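Note: the block below is target-v2.txt and it holds compact mmCIF, C-alpha atoms.
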```
# COMPACT_ATOMS: atom_id res chain seq x y z
CA MET A 68 0.00 0.00 0.00
CA VAL A 69 1.18 3.50 -0.82
CA ALA A 70 -0.64 6.28 1.01
CA SER A 71 -2.54 8.96 -0.84
CA VAL A 72 -1.23 12.45 -0.11
CA LEU A 73 -3.39 14.90 1.82
CA ASP A 74 -2.40 17.98 -0.17
CA GLY A 75 -2.63 20.93 2.20
CA LYS A 76 -1.68 23.41 -0.51
CA ALA A 77 -4.58 22.38 -2.74
CA CYS A 78 -7.06 22.38 0.14
CA ALA A 79 -5.80 25.78 1.35
CA SER A 80 -6.32 27.15 -2.15
CA SER A 81 -9.95 26.01 -2.06
CA VAL A 82 -10.41 27.70 1.33
CA GLU A 83 -8.99 30.95 -0.02
CA GLU A 84 -11.31 30.74 -3.04
CA SER A 85 -14.31 30.37 -0.72
CA LEU A 86 -13.22 33.45 1.24
CA SER A 87 -13.18 35.77 -1.78
CA PRO A 88 -16.94 36.51 -1.92
CA ARG A 89 -17.04 36.93 1.86
CA ILE A 90 -14.25 39.51 1.65
CA ASP A 91 -16.16 41.24 -1.16
CA ASN A 92 -19.21 41.50 1.11
CA CYS A 93 -17.11 42.94 3.94
CA ILE A 94 -15.60 45.56 1.67
CA LYS A 95 -19.05 46.47 0.28
CA SER A 96 -20.14 47.01 3.90
CA GLY A 97 -17.25 49.43 4.42
CA ILE A 98 -14.99 47.01 6.30
CA THR A 99 -11.68 45.73 4.93
CA PRO A 100 -10.52 42.73 6.99
CA HIS A 101 -7.32 43.69 8.82
CA LEU A 102 -4.83 41.37 10.52
CA ALA A 103 -2.14 42.74 12.83
CA VAL A 104 0.86 40.44 13.37
CA VAL A 105 3.25 41.13 16.23
CA ILE A 106 6.67 39.47 16.35
CA VAL A 107 9.26 39.80 19.09
CA GLY A 108 12.90 39.05 18.34
CA ASP A 109 14.71 37.71 15.30
CA ASP A 110 13.93 33.98 15.27
CA PRO A 111 14.38 32.98 11.58
CA ALA A 112 11.58 30.40 11.61
CA SER A 113 9.14 32.92 13.09
CA HIS A 114 9.92 35.40 10.33
CA VAL A 115 9.30 32.70 7.70
CA TYR A 116 5.88 31.99 9.22
CA VAL A 117 4.99 35.68 9.49
CA ASN A 118 5.95 36.30 5.88
CA ALA A 119 3.75 33.40 4.75
CA LYS A 120 0.82 34.94 6.60
CA ILE A 121 1.45 38.37 5.10
CA ARG A 122 1.64 36.88 1.58
CA ALA A 123 -1.71 35.16 2.16
CA CYS A 124 -3.22 38.47 3.26
CA ASN A 125 -1.94 40.12 0.09
CA ARG A 126 -3.46 37.40 -2.10
CA LEU A 127 -6.85 37.78 -0.44
CA ARG A 128 -7.01 41.59 -0.17
CA ILE A 129 -6.82 41.37 3.63
CA LYS A 130 -4.97 44.34 5.07
CA SER A 131 -1.97 43.34 7.20
CA SER A 132 0.13 45.24 9.72
CA HIS A 133 3.49 43.93 10.85
CA ILE A 134 4.72 45.12 14.25
CA GLN A 135 8.32 44.19 15.14
CA LEU A 136 9.72 44.41 18.66
CA PRO A 137 13.33 43.62 19.64
CA GLU A 138 14.24 40.54 21.68
CA SER A 139 15.07 42.89 24.56
CA ALA A 140 11.59 44.43 24.65
CA LEU A 141 9.90 44.37 28.06
CA GLU A 142 6.63 42.52 28.56
CA ILE A 143 4.93 45.80 29.45
CA GLU A 144 5.81 47.10 25.98
CA LEU A 145 4.07 44.15 24.33
CA ARG A 146 1.10 44.62 26.65
CA GLU A 147 0.80 48.21 25.47
CA VAL A 148 0.90 47.07 21.83
CA ILE A 149 -1.89 44.56 22.47
CA GLU A 150 -4.05 47.11 24.29
CA ASN A 151 -3.63 49.61 21.44
CA LEU A 152 -4.63 46.96 18.89
CA ASN A 153 -7.62 45.95 21.01
CA HIS A 154 -8.88 49.53 20.86
CA ASP A 155 -8.09 50.09 17.17
CA VAL A 156 -11.45 49.82 15.43
CA GLU A 157 -9.72 49.22 12.08
CA VAL A 158 -8.03 46.02 13.32
CA HIS A 159 -10.09 42.81 13.32
CA GLY A 160 -7.46 40.17 14.05
CA ILE A 161 -4.46 40.16 16.40
CA LEU A 162 -1.76 37.50 16.19
CA ILE A 163 1.24 37.31 18.54
CA GLN A 164 3.83 35.15 16.78
CA SER A 165 5.10 32.31 18.93
CA PRO A 166 7.54 31.67 20.51
CA LEU A 167 8.03 34.73 22.65
CA PRO A 168 11.27 35.41 24.57
CA ASN A 169 11.62 33.51 27.83
CA HIS A 170 11.12 36.62 29.94
CA MET A 171 7.55 37.03 28.61
CA ASN A 172 4.46 35.19 29.88
CA GLU A 173 2.87 34.01 26.64
CA GLU A 174 -0.30 32.69 28.26
CA ALA A 175 -0.95 35.91 30.18
CA LEU A 176 -0.34 37.99 27.06
CA THR A 177 -2.75 35.84 25.05
CA ASP A 178 -5.38 36.49 27.72
CA LEU A 179 -5.03 40.24 27.05
CA ILE A 180 -6.23 39.95 23.45
CA ASP A 181 -9.86 40.88 22.83
CA PRO A 182 -11.53 37.46 22.24
CA ARG A 183 -13.31 38.92 19.22
CA LYS A 184 -9.88 39.63 17.66
CA ASP A 185 -8.19 36.43 18.85
CA VAL A 186 -7.71 34.90 15.40
CA ASP A 187 -5.31 32.29 16.79
CA GLY A 188 -8.23 30.96 18.85
CA PHE A 189 -6.12 30.59 22.02
CA HIS A 190 -8.03 32.91 24.37
CA PRO A 191 -9.87 31.08 27.20
CA VAL A 192 -13.16 32.52 25.95
CA ASN A 193 -12.70 30.97 22.50
CA LEU A 194 -11.44 27.66 23.89
CA GLY A 195 -14.43 27.55 26.24
CA ARG A 196 -16.82 28.20 23.38
CA LEU A 197 -15.10 25.43 21.41
CA VAL A 198 -15.86 22.97 24.21
CA GLN A 199 -19.49 24.10 24.05
CA SER A 200 -19.54 23.69 20.23
CA ARG A 201 -20.69 27.28 19.87
CA GLN A 202 -20.68 28.84 16.42
CA ASP A 203 -19.28 32.15 17.68
CA SER A 204 -15.93 30.60 18.58
CA LEU A 205 -12.70 31.45 16.78
CA ILE A 206 -11.21 27.96 16.53
CA PRO A 207 -7.44 27.34 16.81
CA CYS A 208 -6.13 27.36 13.26
CA THR A 209 -4.08 24.15 13.09
CA PRO A 210 -6.70 21.72 14.45
CA ASN A 211 -9.41 23.48 12.47
CA GLY A 212 -7.23 23.12 9.37
CA VAL A 213 -6.84 19.40 10.01
CA MET A 214 -10.61 18.97 10.22
CA ARG A 215 -11.11 20.94 7.01
CA LEU A 216 -8.47 18.81 5.28
CA LEU A 217 -10.19 15.58 6.33
CA ASP A 218 -13.53 16.91 5.10
CA TRP A 219 -12.01 18.11 1.81
CA ALA A 220 -10.57 14.65 1.15
CA LYS A 221 -13.91 13.07 2.14
CA ILE A 222 -12.26 10.97 4.83
CA PRO A 223 -14.91 9.71 7.27
CA THR A 224 -14.38 10.26 10.98
CA ALA A 225 -17.68 9.05 12.46
CA GLY A 226 -17.21 5.91 14.52
CA LYS A 227 -13.46 5.87 13.90
CA THR A 228 -10.84 5.44 16.60
CA ALA A 229 -8.65 8.55 16.71
CA LEU A 230 -5.43 9.13 18.64
CA VAL A 231 -3.98 12.60 19.19
CA VAL A 232 -0.33 12.47 20.26
CA GLY A 233 0.29 15.73 22.11
CA ARG A 234 -1.84 17.68 24.57
CA SER A 235 -0.91 21.32 23.95
CA ARG A 236 -3.62 23.93 24.41
CA ASN A 237 -3.17 25.24 20.88
CA VAL A 238 -3.15 21.94 18.94
CA GLY A 239 -3.53 18.67 20.84
CA MET A 240 -6.42 19.44 23.20
CA PRO A 241 -8.59 21.38 20.69
CA MET A 242 -7.80 18.72 18.07
CA ALA A 243 -9.24 16.05 20.34
CA ILE A 244 -12.34 18.17 21.04
CA LEU A 245 -12.99 18.74 17.34
CA LEU A 246 -12.60 15.05 16.44
CA ALA A 247 -14.97 14.03 19.23
CA SER A 248 -17.54 16.79 18.63
CA ARG A 249 -20.99 16.16 17.24
CA GLY A 250 -20.71 15.80 13.47
CA ALA A 251 -17.16 14.43 13.55
CA ASP A 252 -18.12 11.69 16.03
CA ALA A 253 -14.76 9.95 16.39
CA THR A 254 -13.80 8.10 19.57
CA VAL A 255 -10.73 9.99 20.74
CA THR A 256 -7.74 9.18 22.94
CA ILE A 257 -5.02 11.69 23.86
CA ALA A 258 -1.47 10.40 24.27
CA HIS A 259 1.43 12.34 25.80
CA SER A 260 4.83 11.99 27.45
CA ARG A 261 3.42 9.95 30.34
CA THR A 262 1.36 7.57 28.22
CA SER A 263 2.41 3.96 28.72
CA GLU A 264 2.51 1.60 25.73
CA ILE A 265 2.18 4.48 23.27
CA LYS A 266 3.15 2.17 20.40
CA ALA A 267 0.15 -0.05 21.14
CA GLN A 268 -2.10 3.01 21.34
CA CYS A 269 -0.92 4.12 17.89
CA GLN A 270 -1.44 0.68 16.41
CA GLN A 271 -5.15 0.83 17.30
CA ALA A 272 -5.83 4.22 15.71
CA ASP A 273 -7.79 4.60 12.48
CA ILE A 274 -6.82 8.29 12.53
CA LEU A 275 -3.54 9.39 14.10
CA VAL A 276 -2.64 13.03 14.64
CA ALA A 277 0.98 13.62 15.69
CA ALA A 278 1.62 17.02 17.31
CA VAL A 279 4.59 16.67 19.64
CA GLY A 280 7.46 18.48 17.90
CA ARG A 281 9.86 15.52 18.02
CA PRO A 282 11.32 14.48 14.66
CA ASN A 283 10.45 10.95 13.56
CA MET A 284 8.96 10.05 16.94
CA ILE A 285 6.16 7.99 15.39
CA LYS A 286 7.63 4.91 13.71
CA LYS A 287 6.34 3.01 10.71
CA SER A 288 5.89 -0.08 12.90
CA TRP A 289 3.52 1.90 15.15
CA ILE A 290 0.96 2.54 12.40
CA LYS A 291 -2.16 0.50 11.83
CA SER A 292 -2.47 -0.69 8.24
CA GLY A 293 -4.72 1.70 6.32
CA ALA A 294 -4.68 4.40 8.99
CA VAL A 295 -5.00 8.11 8.20
CA VAL A 296 -1.87 9.89 9.45
CA ILE A 297 -1.84 13.63 10.10
CA ASP A 298 1.66 14.93 10.81
CA VAL A 299 1.45 18.34 12.46
CA GLY A 300 5.15 18.41 13.36
CA ILE A 301 7.63 20.49 11.40
CA ASN A 302 11.13 20.16 12.82
CA ARG A 303 14.35 21.71 11.54
CA VAL A 304 17.16 19.16 11.53
CA ASP A 305 20.72 20.10 10.61
CA ASP A 306 21.81 18.61 7.27
CA ALA A 307 25.06 19.74 5.69
CA SER A 308 24.09 18.09 2.39
CA ASP A 309 21.17 20.50 1.96
CA SER A 310 21.89 23.94 0.53
CA ARG A 311 19.98 25.53 3.41
CA GLY A 312 22.00 23.62 5.98
CA TYR A 313 18.89 21.94 7.36
CA VAL A 314 15.88 19.84 6.35
CA LEU A 315 12.29 19.89 7.57
CA ILE A 316 11.12 16.66 9.17
CA GLY A 317 7.76 15.75 10.67
CA ASP A 318 6.92 13.87 13.86
CA VAL A 319 6.20 10.75 11.78
CA GLU A 320 8.69 8.64 9.82
CA LYS A 321 8.30 9.16 6.06
CA SER A 322 8.24 5.41 5.49
CA THR A 323 4.86 5.40 7.25
CA SER A 324 3.45 6.21 3.80
CA GLU A 325 3.99 2.52 2.97
CA ILE A 326 1.44 1.54 5.65
CA ALA A 327 -1.07 4.40 5.84
CA SER A 328 -4.00 5.00 3.50
CA TRP A 329 -3.63 8.81 3.69
CA ILE A 330 -0.79 10.95 4.98
CA THR A 331 0.09 14.64 5.12
CA PRO A 332 3.45 15.66 3.65
CA VAL A 333 5.98 17.76 5.56
CA PRO A 334 6.12 20.49 4.43
CA GLY A 335 2.98 21.12 2.36
CA GLY A 336 0.42 19.36 4.53
CA VAL A 337 -0.90 20.95 7.70
CA GLY A 338 1.18 24.15 7.42
CA PRO A 339 -0.72 25.72 4.50
CA MET A 340 -4.00 24.82 6.21
CA THR A 341 -2.98 26.64 9.38
CA VAL A 342 -2.43 29.82 7.37
CA ALA A 343 -5.70 29.35 5.45
CA MET A 344 -7.70 28.99 8.66
CA LEU A 345 -6.00 32.10 10.07
CA MET A 346 -7.29 33.97 7.03
CA GLU A 347 -10.77 32.51 7.58
CA ASN A 348 -10.74 33.55 11.25
CA THR A 349 -9.71 37.07 10.26
CA VAL A 350 -12.58 37.30 7.79
CA LYS A 351 -14.98 35.87 10.39
CA ALA A 352 -13.81 38.49 12.90
CA ALA A 353 -14.36 41.24 10.32
CA GLU A 354 -17.83 39.90 9.51
CA SER A 355 -18.64 39.93 13.22
CA LYS A 356 -17.57 43.59 13.37
CA ILE A 357 -20.47 44.41 11.08
CA GLN A 358 -22.70 43.15 13.91
CA TRP A 359 -20.87 44.99 16.72
```

Take the structure in the file and give it back as structure tokens.
Amino acid sequence: MVASVLDGKACASSVEESLSPRIDNCIKSGITPHLAVVIVGDDPASHVYVNAKIRACNRLRIKSSHIQLPESALEIELREVIENLNHDVEVHGILIQSPLPNHMNEEALTDLIDPRKDVDGFHPVNLGRLVQSRQDSLIPCTPNGVMRLLDWAKIPTAGKTALVVGRSRNVGMPMAILLASRGADATVTIAHSRTSEIKAQCQQADILVAAVGRPNMIKKSWIKSGAVVIDVGINRVDDASDSRGYVLIGDVEKSTSEIASWITPVPGGVGPMTVAMLMENTVKAAESKIQW
């Protein structure tokens, strides 16, 4: 068996196409969707991600603002930036690029963002609404992108056994909630660093989502034949043979494609979907502004 590829780029393109008329309607109502991205420091990977988001905004006619703070910036300075963006009526989405410097409390800073502008979907208000399956939630982009990708490929989830490896608040936990929610109807288990017999857990999963940030953690021998494998991980590994000096590797061994029925590539799988869902959340936030 050779797995079919879950093409995140193609699915993201279809999401962007569906957003075009919604953006037209916003603009006709006098509102141009506007995303403000704040980055602290000079982490190269963070700048790559921010640039990808800005390019997506440009494609979709979403206004973007890019606010750069030095690594040495104090937390109070970032708090002031967030408060100013909260009160800026022209801004509909606020994104604080992760990771932040160690001297900043990322969770506390996320809590400062107006939930209506929290396009990352990490604010406790939005996570609480997600648990309640409310339609007014801004859903975390990566797990929402995974669900959209499964739906786009017409992969059934109802009645399936799903395993989410990783329990972060921004991917693992919301991913489990979405897979178990009414309509998706999977039976979900969450695995993490303290899970015993994790190999056996993986071998039982019809759908496996790996989101741990450890290169090649999930082995080919751990995969159930015919399983759907979603690799959220994107890890930079030094490689002198590559012109960049590094390669990008997922959390799942590439040879897993010989066992799985579907698999996401790294890169080109979940990454483009995360950006696409960020664009959708920004448009949704702008549409909500019409109702404010």

**Q.** Of the listed residues A:Ala220, A:Val105, A:Val350, A:Leu73, that which approaches Ser132 in chain A most closely, counting only C-alpha atoms
**A.** A:Val105

Could I get the residues of range 190-247 of chain A with an atom no further than 12 Å from an atom of range 172-176 of chain A, each paired with its nearest atom pair and that distance in Å to one decimal, using only C-alpha atoms, sorted by chain and residue number, as JSON lines?
```
{"residue": "A:His190", "atom": "CA", "partner": "A:Glu174", "partner_atom": "CA", "distance": 8.7}
{"residue": "A:Pro191", "atom": "CA", "partner": "A:Glu174", "partner_atom": "CA", "distance": 9.8}
{"residue": "A:Arg236", "atom": "CA", "partner": "A:Glu174", "partner_atom": "CA", "distance": 10.1}
{"residue": "A:Asn237", "atom": "CA", "partner": "A:Glu174", "partner_atom": "CA", "distance": 10.9}
```

Q. Contacts of range 112-114 of chain A at 8 Å or less, counting all atoms listed in the file, minus same-chain residues fewer than 5 places along, as an MDAnalysis selection string?
A. chainID A and resid 106 164:166

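Closest approach to Pro339 in chain A among A:Thr209, A:Ser355, A:Leu127, A:Ala70: A:Thr209, based on all atoms listed in the file.
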
Q: Tell me which of A:Leu275, A:Ala267, A:Ala123, A:Val192 sits closest to Ser288 in chain A, counting all atoms listed in the file.
A: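 Checking each candidate against Ser288 in chain A, we get A:Ala267 as the closest.
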
(Q) Let me make sure I understand: among A:His101, A:Asp91, A:Lys130, A:Leu197, which one has the smallest atom-to-atom distance to Ile161 in chain A if we use all atoms listed in the file? (A)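 Closest residue, counting all atoms listed in the file: A:His101.
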
Complete the atoms of range 133-164 of chain A to N, CA and C atoms and put them out as a short mmCIF file (atom, residue, chain, number, x, y, z; two decimals), in the coordinates of the input.
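Output file rebuild.cif is given in full below:
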```
data_model
loop_
_atom_site.label_atom_id
_atom_site.label_comp_id
_atom_site.auth_asym_id
_atom_site.auth_seq_id
_atom_site.Cartn_x
_atom_site.Cartn_y
_atom_site.Cartn_z
N HIS A 133 2.40 44.73 10.31
CA HIS A 133 3.49 43.93 10.85
C HIS A 133 4.21 44.78 11.90
N ILE A 134 4.12 44.36 13.15
CA ILE A 134 4.72 45.12 14.25
C ILE A 134 5.89 44.31 14.80
N GLN A 135 7.09 44.87 14.72
CA GLN A 135 8.32 44.19 15.14
C GLN A 135 8.86 44.82 16.42
N LEU A 136 9.09 43.97 17.42
CA LEU A 136 9.72 44.41 18.66
C LEU A 136 11.04 43.66 18.83
N PRO A 137 12.05 44.31 19.44
CA PRO A 137 13.33 43.62 19.64
C PRO A 137 13.23 42.55 20.71
N GLU A 138 14.17 41.62 20.68
CA GLU A 138 14.24 40.54 21.68
C GLU A 138 14.29 41.10 23.10
N SER A 139 14.88 42.27 23.24
CA SER A 139 15.07 42.89 24.56
C SER A 139 13.84 43.64 25.06
N ALA A 140 12.78 43.68 24.25
CA ALA A 140 11.59 44.43 24.65
C ALA A 140 11.03 43.88 25.96
N LEU A 141 10.51 44.77 26.79
CA LEU A 141 9.90 44.37 28.06
C LEU A 141 8.48 43.88 27.82
N GLU A 142 8.00 43.02 28.71
CA GLU A 142 6.63 42.52 28.56
C GLU A 142 5.62 43.65 28.58
N ILE A 143 5.87 44.68 29.38
CA ILE A 143 4.93 45.80 29.45
C ILE A 143 4.80 46.49 28.11
N GLU A 144 5.88 46.49 27.30
CA GLU A 144 5.81 47.10 25.98
C GLU A 144 4.87 46.31 25.07
N LEU A 145 4.96 44.98 25.14
CA LEU A 145 4.07 44.15 24.33
C LEU A 145 2.63 44.28 24.82
N ARG A 146 2.45 44.41 26.12
CA ARG A 146 1.10 44.62 26.65
C ARG A 146 0.50 45.91 26.09
N GLU A 147 1.30 46.94 26.01
CA GLU A 147 0.80 48.21 25.47
C GLU A 147 0.42 48.08 24.00
N VAL A 148 1.21 47.31 23.24
CA VAL A 148 0.90 47.07 21.83
C VAL A 148 -0.44 46.35 21.71
N ILE A 149 -0.64 45.32 22.53
CA ILE A 149 -1.89 44.56 22.47
C ILE A 149 -3.08 45.44 22.83
N GLU A 150 -2.94 46.24 23.88
CA GLU A 150 -4.05 47.11 24.29
C GLU A 150 -4.39 48.11 23.19
N ASN A 151 -3.38 48.66 22.53
CA ASN A 151 -3.63 49.61 21.44
C ASN A 151 -4.37 48.92 20.29
N LEU A 152 -3.96 47.70 19.97
CA LEU A 152 -4.63 46.96 18.89
C LEU A 152 -6.06 46.59 19.27
N ASN A 153 -6.26 46.25 20.54
CA ASN A 153 -7.62 45.95 21.01
C ASN A 153 -8.56 47.13 20.78
N HIS A 154 -8.04 48.33 20.96
CA HIS A 154 -8.88 49.53 20.86
C HIS A 154 -8.88 50.13 19.46
N ASP A 155 -8.12 49.58 18.55
CA ASP A 155 -8.09 50.09 17.17
C ASP A 155 -9.26 49.49 16.40
N VAL A 156 -10.23 50.32 16.07
CA VAL A 156 -11.45 49.82 15.43
C VAL A 156 -11.20 49.32 14.01
N GLU A 157 -10.04 49.66 13.43
CA GLU A 157 -9.72 49.22 12.08
C GLU A 157 -9.07 47.83 12.07
N VAL A 158 -8.68 47.33 13.23
CA VAL A 158 -8.03 46.02 13.32
C VAL A 158 -9.04 44.97 13.76
N HIS A 159 -9.12 43.86 13.00
CA HIS A 159 -10.09 42.81 13.32
C HIS A 159 -9.43 41.55 13.88
N GLY A 160 -8.17 41.34 13.56
CA GLY A 160 -7.46 40.17 14.05
C GLY A 160 -6.10 40.55 14.61
N ILE A 161 -5.75 39.94 15.76
CA ILE A 161 -4.46 40.16 16.40
C ILE A 161 -3.77 38.82 16.55
N LEU A 162 -2.54 38.73 16.07
CA LEU A 162 -1.76 37.50 16.19
C LEU A 162 -0.41 37.84 16.81
N ILE A 163 -0.08 37.17 17.92
CA ILE A 163 1.24 37.31 18.54
C ILE A 163 2.04 36.08 18.13
N GLN A 164 3.06 36.28 17.30
CA GLN A 164 3.83 35.15 16.78
C GLN A 164 4.59 34.45 17.90
#
```
